[in-house]
>>> print(open('data.cif').read())   # mmCIF, C-alpha atoms
data_upload
loop_
_atom_site.group_PDB
_atom_site.id
_atom_site.type_symbol
_atom_site.label_atom_id
_atom_site.label_comp_id
_atom_site.auth_asym_id
_atom_site.auth_seq_id
_atom_site.Cartn_x
_atom_site.Cartn_y
_atom_site.Cartn_z
ATOM 1 C CA MET A 1 20.021 227.957 270.447
ATOM 2 C CA ARG A 2 21.371 225.499 272.979
ATOM 3 C CA THR A 3 25.058 224.687 273.310
ATOM 4 C CA ASP A 4 24.640 221.028 272.329
ATOM 5 C CA GLN A 5 22.866 222.064 269.113
ATOM 6 C CA ILE A 6 25.707 224.449 268.237
ATOM 7 C CA PHE A 7 28.304 221.717 268.756
ATOM 8 C CA THR A 8 26.224 219.293 266.702
ATOM 9 C CA ARG A 9 26.100 221.697 263.770
ATOM 10 C CA LEU A 10 29.812 222.438 264.011
ATOM 11 C CA GLU A 11 30.570 218.724 263.974
ATOM 12 C CA ARG A 12 28.495 218.356 260.818
ATOM 13 C CA VAL A 13 30.330 221.229 259.133
ATOM 14 C CA PHE A 14 33.775 219.845 259.974
ATOM 15 C CA ALA A 15 32.709 216.360 258.981
ATOM 16 C CA ARG A 16 31.643 217.737 255.612
ATOM 17 C CA LEU A 17 34.931 219.586 255.119
ATOM 18 C CA ASP A 18 37.088 216.666 256.225
ATOM 19 C CA ARG A 19 35.375 213.907 254.282
ATOM 20 C CA GLU A 20 37.466 211.782 251.977
ATOM 21 C CA PRO A 21 38.027 213.338 248.550
ATOM 22 C CA GLN A 22 35.733 212.452 245.724
ATOM 23 C CA ARG A 23 36.677 214.542 242.712
ATOM 24 C CA PRO A 24 33.435 215.676 241.073
ATOM 25 C CA ALA A 25 32.824 214.293 237.630
ATOM 26 C CA HIS A 26 32.382 217.766 236.122
ATOM 27 C CA LEU A 27 35.944 218.836 237.002
ATOM 28 C CA GLN A 28 37.338 218.199 233.546
ATOM 29 C CA THR A 29 40.734 219.520 232.538
ATOM 30 C CA PRO A 30 40.610 221.734 229.435
ATOM 31 C CA GLN A 31 41.807 220.120 226.238
ATOM 32 C CA MET A 32 43.738 221.639 223.355
ATOM 33 C CA SER A 33 40.759 221.716 221.006
ATOM 34 C CA ARG A 34 40.838 222.922 217.396
ATOM 35 C CA HIS A 35 39.067 226.118 218.416
ATOM 36 C CA ARG A 36 41.709 226.816 221.046
ATOM 37 C CA VAL A 37 44.526 226.120 218.591
ATOM 38 C CA VAL A 38 43.032 228.537 216.057
ATOM 39 C CA LEU A 39 42.621 231.212 218.716
ATOM 40 C CA LEU A 40 46.183 230.616 219.895
ATOM 41 C CA GLY A 41 47.481 231.049 216.356
ATOM 42 C CA ALA A 42 45.499 234.250 215.832
ATOM 43 C CA THR A 43 46.759 235.696 219.127
ATOM 44 C CA LEU A 44 50.337 234.787 218.226
ATOM 45 C CA ALA A 45 49.950 236.527 214.862
ATOM 46 C CA PHE A 46 48.585 239.625 216.609
ATOM 47 C CA TYR A 47 51.493 239.520 219.078
ATOM 48 C CA SER A 48 54.013 239.337 216.238
ATOM 49 C CA ALA A 49 52.299 242.181 214.359
ATOM 50 C CA ILE A 50 52.548 244.484 217.387
ATOM 51 C CA VAL A 51 56.244 243.735 217.829
ATOM 52 C CA VAL A 52 56.962 244.353 214.140
ATOM 53 C CA ALA A 53 54.949 247.578 214.186
ATOM 54 C CA VAL A 54 57.009 248.929 217.077
ATOM 55 C CA LEU A 55 60.319 247.724 215.667
ATOM 56 C CA THR A 56 59.629 249.492 212.364
ATOM 57 C CA THR A 57 58.371 252.702 214.069
ATOM 58 C CA SER A 58 55.065 252.476 212.217
ATOM 59 C CA TRP A 59 51.749 254.274 212.703
ATOM 60 C CA LEU A 60 51.359 252.504 216.067
ATOM 61 C CA VAL A 61 54.365 254.363 217.475
ATOM 62 C CA ARG A 62 52.923 257.648 216.218
ATOM 63 C CA LEU A 63 49.658 256.781 218.007
ATOM 64 C CA ASP A 64 51.647 256.139 221.172
ATOM 65 C CA TRP A 65 53.112 259.644 221.041
ATOM 66 C CA GLN A 66 49.805 261.298 220.229
ATOM 67 C CA ILE A 67 48.121 259.783 223.273
ATOM 68 C CA MET A 68 51.122 260.619 225.405
ATOM 69 C CA PHE A 69 50.896 264.294 224.405
ATOM 70 C CA PHE A 70 47.134 264.190 224.998
ATOM 71 C CA ARG A 71 47.848 263.356 228.662
ATOM 72 C CA PRO A 72 44.609 261.641 229.717
ATOM 73 C CA TYR A 73 45.408 262.122 233.408
ATOM 74 C CA GLU A 74 45.155 265.891 232.837
ATOM 75 C CA GLN A 75 41.950 265.641 230.797
ATOM 76 C CA TRP A 76 40.046 263.735 233.481
ATOM 77 C CA PRO A 77 41.802 264.448 236.787
ATOM 78 C CA GLN A 78 38.722 263.415 238.801
ATOM 79 C CA LEU A 79 39.419 259.775 237.877
ATOM 80 C CA HIS A 80 42.997 259.792 239.093
ATOM 81 C CA ALA A 81 42.377 258.748 242.711
ATOM 82 C CA PHE A 82 40.089 255.864 241.763
ATOM 83 C CA LEU A 83 42.354 254.569 239.003
ATOM 84 C CA ASP A 84 45.351 254.610 241.323
ATOM 85 C CA TYR A 85 43.585 251.898 243.310
ATOM 86 C CA LEU A 86 42.245 250.067 240.272
ATOM 87 C CA VAL A 87 45.695 249.556 238.786
ATOM 88 C CA VAL A 88 46.629 247.482 241.856
ATOM 89 C CA LEU A 89 44.543 244.670 240.311
ATOM 90 C CA GLY A 90 47.405 244.238 237.859
ATOM 91 C CA GLN A 91 50.288 244.236 240.334
ATOM 92 C CA ARG A 92 51.975 240.880 240.791
ATOM 93 C CA GLY A 93 52.227 240.790 244.585
ATOM 94 C CA PRO A 94 48.699 241.718 245.725
ATOM 95 C CA THR A 95 46.938 239.761 242.988
ATOM 96 C CA ALA A 96 49.086 236.670 243.522
ATOM 97 C CA VAL A 97 48.294 236.676 247.250
ATOM 98 C CA MET A 98 44.539 237.043 246.697
ATOM 99 C CA VAL A 99 44.278 234.415 243.964
ATOM 100 C CA THR A 100 46.609 231.995 245.764
ATOM 101 C CA ALA A 101 44.472 232.226 248.907
ATOM 102 C CA TRP A 102 41.323 231.409 246.950
ATOM 103 C CA LEU A 103 42.889 228.572 244.956
ATOM 104 C CA GLY A 104 44.533 227.242 248.107
ATOM 105 C CA TRP A 105 41.124 226.949 249.739
ATOM 106 C CA ARG A 106 39.811 225.199 246.638
ATOM 107 C CA SER A 107 42.742 222.783 246.666
ATOM 108 C CA TRP A 108 42.101 221.913 250.314
ATOM 109 C CA ARG A 109 38.343 221.672 249.806
ATOM 110 C CA GLN A 110 38.574 219.446 246.721
ATOM 111 C CA HIS A 111 41.647 217.502 247.903
ATOM 112 C CA THR A 112 43.625 218.297 244.785
ATOM 113 C CA LEU A 113 46.732 220.369 244.092
ATOM 114 C CA ARG A 114 45.765 221.168 240.513
ATOM 115 C CA PRO A 115 44.527 224.759 241.147
ATOM 116 C CA LEU A 116 47.727 225.809 242.907
ATOM 117 C CA LEU A 117 49.990 223.961 240.470
ATOM 118 C CA THR A 118 48.219 225.499 237.489
ATOM 119 C CA LEU A 119 48.634 228.967 238.951
ATOM 120 C CA GLY A 120 52.310 228.293 239.587
ATOM 121 C CA VAL A 121 52.892 227.134 236.009
ATOM 122 C CA ALA A 122 51.028 230.146 234.605
ATOM 123 C CA LEU A 123 53.003 232.641 236.698
ATOM 124 C CA LEU A 124 56.270 230.925 235.782
ATOM 125 C CA LEU A 125 55.428 231.161 232.088
ATOM 126 C CA LEU A 126 54.440 234.792 232.581
ATOM 127 C CA ASN A 127 57.748 235.687 234.223
ATOM 128 C CA VAL A 128 59.832 233.894 231.614
ATOM 129 C CA THR A 129 58.053 235.064 228.463
ATOM 130 C CA VAL A 130 57.164 238.632 229.414
ATOM 131 C CA GLY A 131 60.368 239.224 231.338
ATOM 132 C CA SER A 132 62.614 238.056 228.511
ATOM 133 C CA VAL A 133 60.883 240.282 225.943
ATOM 134 C CA LYS A 134 61.001 243.258 228.320
ATOM 135 C CA LEU A 135 64.733 242.916 228.866
ATOM 136 C CA GLY A 136 65.463 242.036 225.264
ATOM 137 C CA LEU A 137 63.736 245.068 223.718
ATOM 138 C CA GLY A 138 64.589 247.480 226.551
ATOM 139 C CA ARG A 139 61.908 250.059 225.752
ATOM 140 C CA LEU A 140 61.556 253.249 227.786
ATOM 141 C CA GLY A 141 58.201 254.440 229.098
ATOM 142 C CA PRO A 142 56.431 257.708 228.233
ATOM 143 C CA HIS A 143 57.776 259.498 231.302
ATOM 144 C CA TYR A 144 61.354 258.658 230.333
ATOM 145 C CA ALA A 145 61.186 259.119 226.558
ATOM 146 C CA THR A 146 64.103 261.029 225.080
ATOM 147 C CA GLN A 147 63.352 261.460 221.369
ATOM 148 C CA ILE A 148 59.956 262.469 219.982
ATOM 149 C CA GLY A 149 58.620 259.977 217.454
ATOM 150 C CA SER A 150 61.098 257.282 218.446
ATOM 151 C CA ALA A 151 60.087 253.785 219.548
ATOM 152 C CA GLU A 152 62.541 254.160 222.476
ATOM 153 C CA LEU A 153 63.804 250.612 222.049
ATOM 154 C CA PHE A 154 67.074 249.117 223.325
ATOM 155 C CA ALA A 155 67.503 251.962 225.778
ATOM 156 C CA GLY A 156 67.575 250.001 229.026
ATOM 157 C CA GLY A 157 63.828 250.135 229.765
ATOM 158 C CA ASP A 158 61.512 247.294 230.757
ATOM 159 C CA ILE A 159 57.935 248.247 229.919
ATOM 160 C CA PHE A 160 57.230 246.465 226.613
ATOM 161 C CA PRO A 161 54.993 244.490 226.965
ATOM 162 C CA SER A 162 53.027 245.841 229.913
ATOM 163 C CA GLY A 163 53.574 243.594 232.908
ATOM 164 C CA HIS A 164 50.526 244.971 234.726
ATOM 165 C CA THR A 165 48.296 244.110 231.787
ATOM 166 C CA ALA A 166 49.715 240.640 231.164
ATOM 167 C CA ASN A 167 49.554 239.839 234.876
ATOM 168 C CA ALA A 168 45.911 240.944 235.061
ATOM 169 C CA VAL A 169 45.029 238.691 232.118
ATOM 170 C CA VAL A 170 46.772 235.635 233.593
ATOM 171 C CA THR A 171 45.994 236.064 237.291
ATOM 172 C CA TRP A 172 42.284 236.708 236.907
ATOM 173 C CA GLY A 173 41.886 234.591 233.788
ATOM 174 C CA ILE A 174 43.177 231.540 235.654
ATOM 175 C CA LEU A 175 39.999 231.619 237.753
ATOM 176 C CA ALA A 176 37.928 231.184 234.601
ATOM 177 C CA TYR A 177 40.297 228.508 233.322
ATOM 178 C CA LEU A 178 39.833 226.479 236.521
ATOM 179 C CA ALA A 179 36.061 226.992 236.763
ATOM 180 C CA SER A 180 34.124 223.785 237.404
ATOM 181 C CA THR A 181 31.007 224.556 235.357
ATOM 182 C CA VAL A 182 30.360 226.071 231.950
ATOM 183 C CA VAL A 183 28.248 228.907 233.342
ATOM 184 C CA THR A 184 30.846 229.814 235.953
ATOM 185 C CA ARG A 185 33.581 229.745 233.320
ATOM 186 C CA ARG A 186 31.661 232.149 231.087
ATOM 187 C CA VAL A 187 30.887 234.569 233.906
ATOM 188 C CA LEU A 188 34.461 234.565 235.182
ATOM 189 C CA SER A 189 35.795 234.964 231.644
ATOM 190 C CA ILE A 190 33.759 238.129 231.212
ATOM 191 C CA LEU A 191 34.771 239.510 234.611
ATOM 192 C CA SER A 192 38.463 238.751 234.083
ATOM 193 C CA ALA A 193 38.367 240.334 230.631
ATOM 194 C CA VAL A 194 36.812 243.502 232.081
ATOM 195 C CA VAL A 195 39.478 243.663 234.790
ATOM 196 C CA ALA A 196 42.313 243.108 232.315
ATOM 197 C CA LEU A 197 40.988 245.730 229.886
ATOM 198 C CA SER A 198 40.486 248.201 232.726
ATOM 199 C CA VAL A 199 43.988 247.704 234.115
ATOM 200 C CA GLY A 200 45.556 248.138 230.678
ATOM 201 C CA ALA A 201 43.578 251.291 229.941
ATOM 202 C CA THR A 202 44.442 252.652 233.386
ATOM 203 C CA THR A 203 48.184 252.354 232.746
ATOM 204 C CA VAL A 204 47.722 254.415 229.566
ATOM 205 C CA TYR A 205 45.678 256.989 231.487
ATOM 206 C CA LEU A 206 48.383 257.293 234.154
ATOM 207 C CA GLY A 207 51.067 257.664 231.488
ATOM 208 C CA THR A 208 53.123 254.704 232.670
ATOM 209 C CA HIS A 209 52.721 252.718 229.438
ATOM 210 C CA TRP A 210 52.360 253.293 225.723
ATOM 211 C CA VAL A 211 49.264 251.959 223.968
ATOM 212 C CA SER A 212 51.391 249.380 222.171
ATOM 213 C CA ASP A 213 52.697 248.148 225.545
ATOM 214 C CA VAL A 214 49.165 247.408 226.646
ATOM 215 C CA LEU A 215 48.198 245.708 223.375
ATOM 216 C CA LEU A 216 51.193 243.408 223.633
ATOM 217 C CA GLY A 217 50.475 242.740 227.319
ATOM 218 C CA TRP A 218 46.940 241.597 226.508
ATOM 219 C CA ALA A 219 48.273 239.274 223.809
ATOM 220 C CA ALA A 220 51.065 237.924 226.039
ATOM 221 C CA GLY A 221 48.687 237.039 228.863
ATOM 222 C CA LEU A 222 46.144 235.449 226.519
ATOM 223 C CA LEU A 223 48.836 233.289 224.921
ATOM 224 C CA ILE A 224 49.698 231.827 228.323
ATOM 225 C CA LEU A 225 46.090 230.997 229.152
ATOM 226 C CA LEU A 226 45.535 229.406 225.752
ATOM 227 C CA ALA A 227 48.697 227.294 226.021
ATOM 228 C CA LEU A 228 47.987 225.934 229.534
ATOM 229 C CA PRO A 229 46.326 222.659 228.350
ATOM 230 C CA TRP A 230 49.701 221.580 226.966
ATOM 231 C CA PHE A 231 51.034 221.645 230.530
ATOM 232 C CA GLU A 232 48.190 219.640 232.085
ATOM 233 C CA PRO A 233 50.074 216.293 231.863
ATOM 234 C CA LEU A 234 53.038 217.855 233.688
ATOM 235 C CA ILE A 235 50.689 219.248 236.349
ATOM 236 C CA ALA A 236 49.040 215.836 236.804
ATOM 237 C CA ARG A 237 52.403 214.052 237.159
ATOM 238 C CA THR A 238 53.613 216.621 239.663
ATOM 239 C CA GLU A 239 50.442 216.272 241.724
ATOM 240 C CA ALA A 240 50.740 212.476 241.753
ATOM 241 C CA LYS A 241 54.379 212.691 242.815
ATOM 242 C CA VAL A 242 53.594 215.094 245.670
ATOM 243 C CA PHE A 243 50.822 212.828 246.970
ATOM 244 C CA GLU A 244 53.128 209.806 246.696
ATOM 245 C CA VAL A 245 55.788 211.535 248.784
ATOM 246 C CA ARG A 246 53.139 212.575 251.300
ATOM 247 C CA GLU A 247 51.905 209.005 251.730
ATOM 248 C CA THR A 248 55.482 207.747 252.137
ATOM 249 C CA LEU A 249 56.139 210.281 254.888
ATOM 250 C CA ARG A 250 52.882 209.381 256.604
ATOM 251 C CA SER A 251 53.768 205.689 256.546
ATOM 252 C CA ARG A 252 57.172 206.350 258.035
ATOM 253 C CA ARG A 253 55.667 208.533 260.742
ATOM 254 C CA ARG A 254 53.248 205.753 261.682
ATOM 255 C CA GLY A 255 56.028 203.154 261.683
ATOM 256 C CA THR A 256 54.504 201.097 258.883
ATOM 257 C CA GLY A 257 56.887 202.084 256.147
ATOM 258 C CA ARG A 258 59.064 199.091 255.203
ATOM 259 C CA VAL A 259 61.533 198.814 252.377
ATOM 260 C CA PRO A 260 60.585 195.816 250.181
ATOM 261 C CA VAL A 261 63.284 193.152 249.660
ATOM 262 C CA PRO A 262 63.770 192.131 246.000
ATOM 263 C CA ALA A 263 63.176 188.487 245.102
ATOM 264 C CA GLY A 264 66.316 186.357 245.407
ATOM 265 C CA SER A 265 68.068 188.735 247.781
ATOM 266 C CA PRO A 266 69.453 187.352 251.062
ATOM 267 C CA VAL A 267 67.210 187.970 254.023
ATOM 268 C CA PRO A 268 68.928 190.244 256.542
ATOM 269 C CA VAL A 269 69.569 188.623 259.937
ATOM 270 C CA ALA A 270 69.461 190.532 263.194
ATOM 271 C CA PRO A 271 72.918 190.950 264.800
ATOM 272 C CA LEU A 272 73.819 188.637 267.709
ATOM 273 C CA PRO A 273 74.636 189.963 271.175
ATOM 274 C CA ALA A 274 78.312 190.409 272.057
ATOM 275 C CA GLN A 275 78.484 187.350 274.390
ATOM 276 C CA ALA A 276 76.869 185.110 271.773
ATOM 277 C CA LYS A 277 79.437 186.258 269.195
ATOM 278 C CA VAL A 278 82.342 185.278 271.506
ATOM 279 C CA PHE A 279 80.838 181.871 272.176
ATOM 280 C CA VAL A 280 80.273 181.186 268.469
ATOM 281 C CA GLN A 281 83.862 182.172 267.605
ATOM 282 C CA ARG A 282 85.336 179.943 270.340
ATOM 283 C CA THR A 283 83.110 177.062 269.278
ATOM 284 C CA ALA A 284 84.249 177.418 265.677
ATOM 285 C CA ALA A 285 87.929 177.396 266.766
ATOM 286 C CA THR A 286 87.661 174.188 268.853
ATOM 287 C CA GLY A 287 84.925 171.775 268.004
ATOM 288 C CA ARG A 288 85.144 170.086 271.430
ATOM 289 C CA GLU A 289 84.904 173.292 273.442
ATOM 290 C CA GLY A 290 81.247 172.799 273.942
ATOM 291 C CA ASP A 291 81.869 169.371 275.453
ATOM 292 C CA GLU A 292 84.606 170.770 277.691
ATOM 293 C CA VAL A 293 82.302 173.492 278.899
ATOM 294 C CA ARG A 294 79.594 170.958 279.673
ATOM 295 C CA THR A 295 82.110 168.632 281.468
ATOM 296 C CA ALA A 296 83.475 171.512 283.485
ATOM 297 C CA GLY A 297 80.000 172.545 284.380
ATOM 298 C CA ALA A 298 79.142 169.025 285.545
ATOM 299 C CA GLY A 299 82.313 168.813 287.654
ATOM 300 C CA ALA A 300 81.597 172.160 289.245
ATOM 301 C CA SER A 301 78.106 170.990 290.091
ATOM 302 C CA ALA A 302 79.433 167.791 291.688
ATOM 303 C CA GLY A 303 82.029 169.696 293.694
ATOM 304 C CA THR A 304 79.440 172.057 294.922
ATOM 305 C CA GLY A 305 77.228 169.172 295.957
ATOM 306 C CA ALA A 306 80.055 167.436 297.842
ATOM 307 C CA GLY A 307 81.055 170.578 299.573
ATOM 308 C CA GLY A 308 77.511 171.163 300.561
ATOM 309 C CA GLY A 309 77.271 167.600 302.002
ATOM 310 C CA GLY A 310 80.460 167.984 304.093
ATOM 311 C CA GLY A 311 79.163 171.131 305.662
#
>>> encode(input="data.cif", output="structure tokens")
Amino acid sequence: MRTDQIFTRLERVFARLDREPQRPAHLQTPQMSRHRVVLLGATLAFYSAIVVAVLTTSWLVRLDWQIMFFRPYEQWPQLHAFLDYLVVLGQRGPTAVMVTAWLGWRSWRQHTLRPLLTLGVALLLLNVTVGSVKLGLGRLGPHYATQIGSAELFAGGDIFPSGHTANAVVTWGILAYLASTVVTRRVLSILSAVVALSVGATTVYLGTHWVSDVLLGWAAGLLILLALPWFEPLIARTEAKVFEVRETLRSRRRGTGRVPVPAGSPVPVAPLPAQAKVFVQRTAATGREGDEVRTAGAGASAGTGAGGGGG
């Protein structure tokens, strides 16, 4: 392939990437439909039931202890190495970097900040809701349990609900939430659900979380995804404000940004030079000074002419 053909193709690619934004018609923001509201209510009821079951040290706490004594990591040690890597898909740092990079490319490609802003809102909600419950209940993990059969609450821990699980639900589920087509949304929903279920089960296998921690983490992450349509107006206003500030800065950089003068306001006048100011002040003090200056100027001209003639 010749060099000119390569440059021609590159120019076409960059022209395609840098074309003016035209938001596709199929990029519709999700609405808070009746189906979503019902699912949100059911998930909230499930969330509340898990919390009550742990607070009352019910059968769910007994199940937690039974699985802890079963020690899955000792039953299937051959899976340990693989699952150590798999659980990274639920860690906040690595997953946030990967998903932010992808959504950042989408934002640049589609000329919209909505993907990045939606991710930011989801992660903020995740930190506030999950973090507050973790600190408020203070549950200890299986490796730090002190009393057999106890729920290990209010003991200074921070594992209930499971942050890995909730983060996996939100971080990977946001890709399905922002999908541009129905088919893509369904495929990504299935993939994100598989990842979230796998991460939650892996934490139980490794012994870092109780089963109830994982159940509550799944519910916590799903609640955030279901509630995101309520924050779409805020996301849209924030995006519009950011673009408005960007255009203002661009106008100032180009020298075209001017502050509009309200109707009825006095028009600002450019300041006079220093010599003009002195002349105006002297003229205002003596109304005839202008005539004196002109007379003196005429006399000086005549004297100069006479002197020139005598020479």
>>> residues_around(input="data.cif", residues="Pro72 in chain A", least_positions_apart="5", cutoff="10 Å", atoms="only C-alpha atoms", output="tab-separated table (two decimals) with C-alpha atoms, in the coordinates of the input")
chain	number	residue	atom	x	y	z
A	67	ILE	CA	48.12	259.78	223.27
A	77	PRO	CA	41.80	264.45	236.79
A	79	LEU	CA	39.42	259.77	237.88
A	80	HIS	CA	43.00	259.79	239.09
A	202	THR	CA	44.44	252.65	233.39
A	204	VAL	CA	47.72	254.42	229.57
A	205	TYR	CA	45.68	256.99	231.49
A	206	LEU	CA	48.38	257.29	234.15
A	207	GLY	CA	51.07	257.66	231.49
>>> closest_residue(input="data.cif", among="A:Val87, A:Met98, A:Leu117, A:Ala220", to="Val242 in chain A", atoms="all atoms listed in the file")
A:Leu117
>>> residues_around(input="data.cif", residues="Gly217 in chain A", least_positions_apart="4", cutoff="6 Å", atoms="only C-alpha atoms", output="PyMOL selection string")
chain A and resi 161-162+165-166
>>> closest_residue(input="data.cif", among="A:Gly120, A:Leu83, A:Gly163, A:Ile148", to="Leu135 in chain A", atoms="all atoms listed in the file")
A:Gly163
>>> atom_distance(input="data.cif", atom1="CA of Gly157 in chain A", atom2="CA of Val133 in chain A")
11.0 Å
>>> closest_residue(input="data.cif", among="A:Ser180, A:Thr248, A:Gln78, A:Ser212", to="Pro115 in chain A", atoms="only C-alpha atoms")
A:Ser180
>>> closest_atom_pairs(input="data.cif", of="range 151-185 of chain A", to="range 224-231 of chain A", cutoff="12 Å", atoms="only C-alpha atoms", output="Markdown table")
| residue | atom | partner | partner_atom | distance |
| --- | --- | --- | --- | --- |
| A:Ala166 | CA | A:Ile224 | CA | 9.3 |
| A:Asn167 | CA | A:Ile224 | CA | 10.4 |
| A:Ala168 | CA | A:Leu225 | CA | 11.6 |
| A:Val169 | CA | A:Leu225 | CA | 8.3 |
| A:Val170 | CA | A:Leu225 | CA | 6.5 |
| A:Thr171 | CA | A:Leu225 | CA | 9.6 |
| A:Trp172 | CA | A:Leu225 | CA | 10.4 |
| A:Gly173 | CA | A:Leu225 | CA | 7.2 |
| A:Ile174 | CA | A:Leu225 | CA | 7.1 |
| A:Leu175 | CA | A:Leu225 | CA | 10.6 |
| A:Ala176 | CA | A:Leu225 | CA | 9.8 |
| A:Tyr177 | CA | A:Leu225 | CA | 7.6 |
| A:Leu178 | CA | A:Leu225 | CA | 10.7 |
>>> atom_distance(input="data.cif", atom1="CA of Leu63 in chain A", atom2="CA of Val211 in chain A")
7.7 Å
>>> atom_distance(input="data.cif", atom1="CA of Val195 in chain A", atom2="CA of Gly90 in chain A")
8.5 Å
>>> closest_residue(input="data.cif", among="A:Leu188, A:Ile50, A:Met68, A:Leu89", to="Val214 in chain A", atoms="only C-alpha atoms")
A:Ile50
>>> closest_residue(input="data.cif", among="A:Leu234, A:Met32, A:Leu223, A:Leu215", to="Thr203 in chain A", atoms="only C-alpha atoms")
A:Leu215
>>> residues_around(input="data.cif", residues="Lys134 in chain A", least_positions_apart="6", cutoff="7 Å", atoms="only C-alpha atoms", output="ChimeraX atom specification")
/A:158-161
>>> residues_around(input="data.cif", residues="Val61 in chain A", least_positions_apart="6", cutoff="9 Å", atoms="all atoms listed in the file", output="MDAnalysis selection string")
chainID A and resid 53:54 149:151 210:212
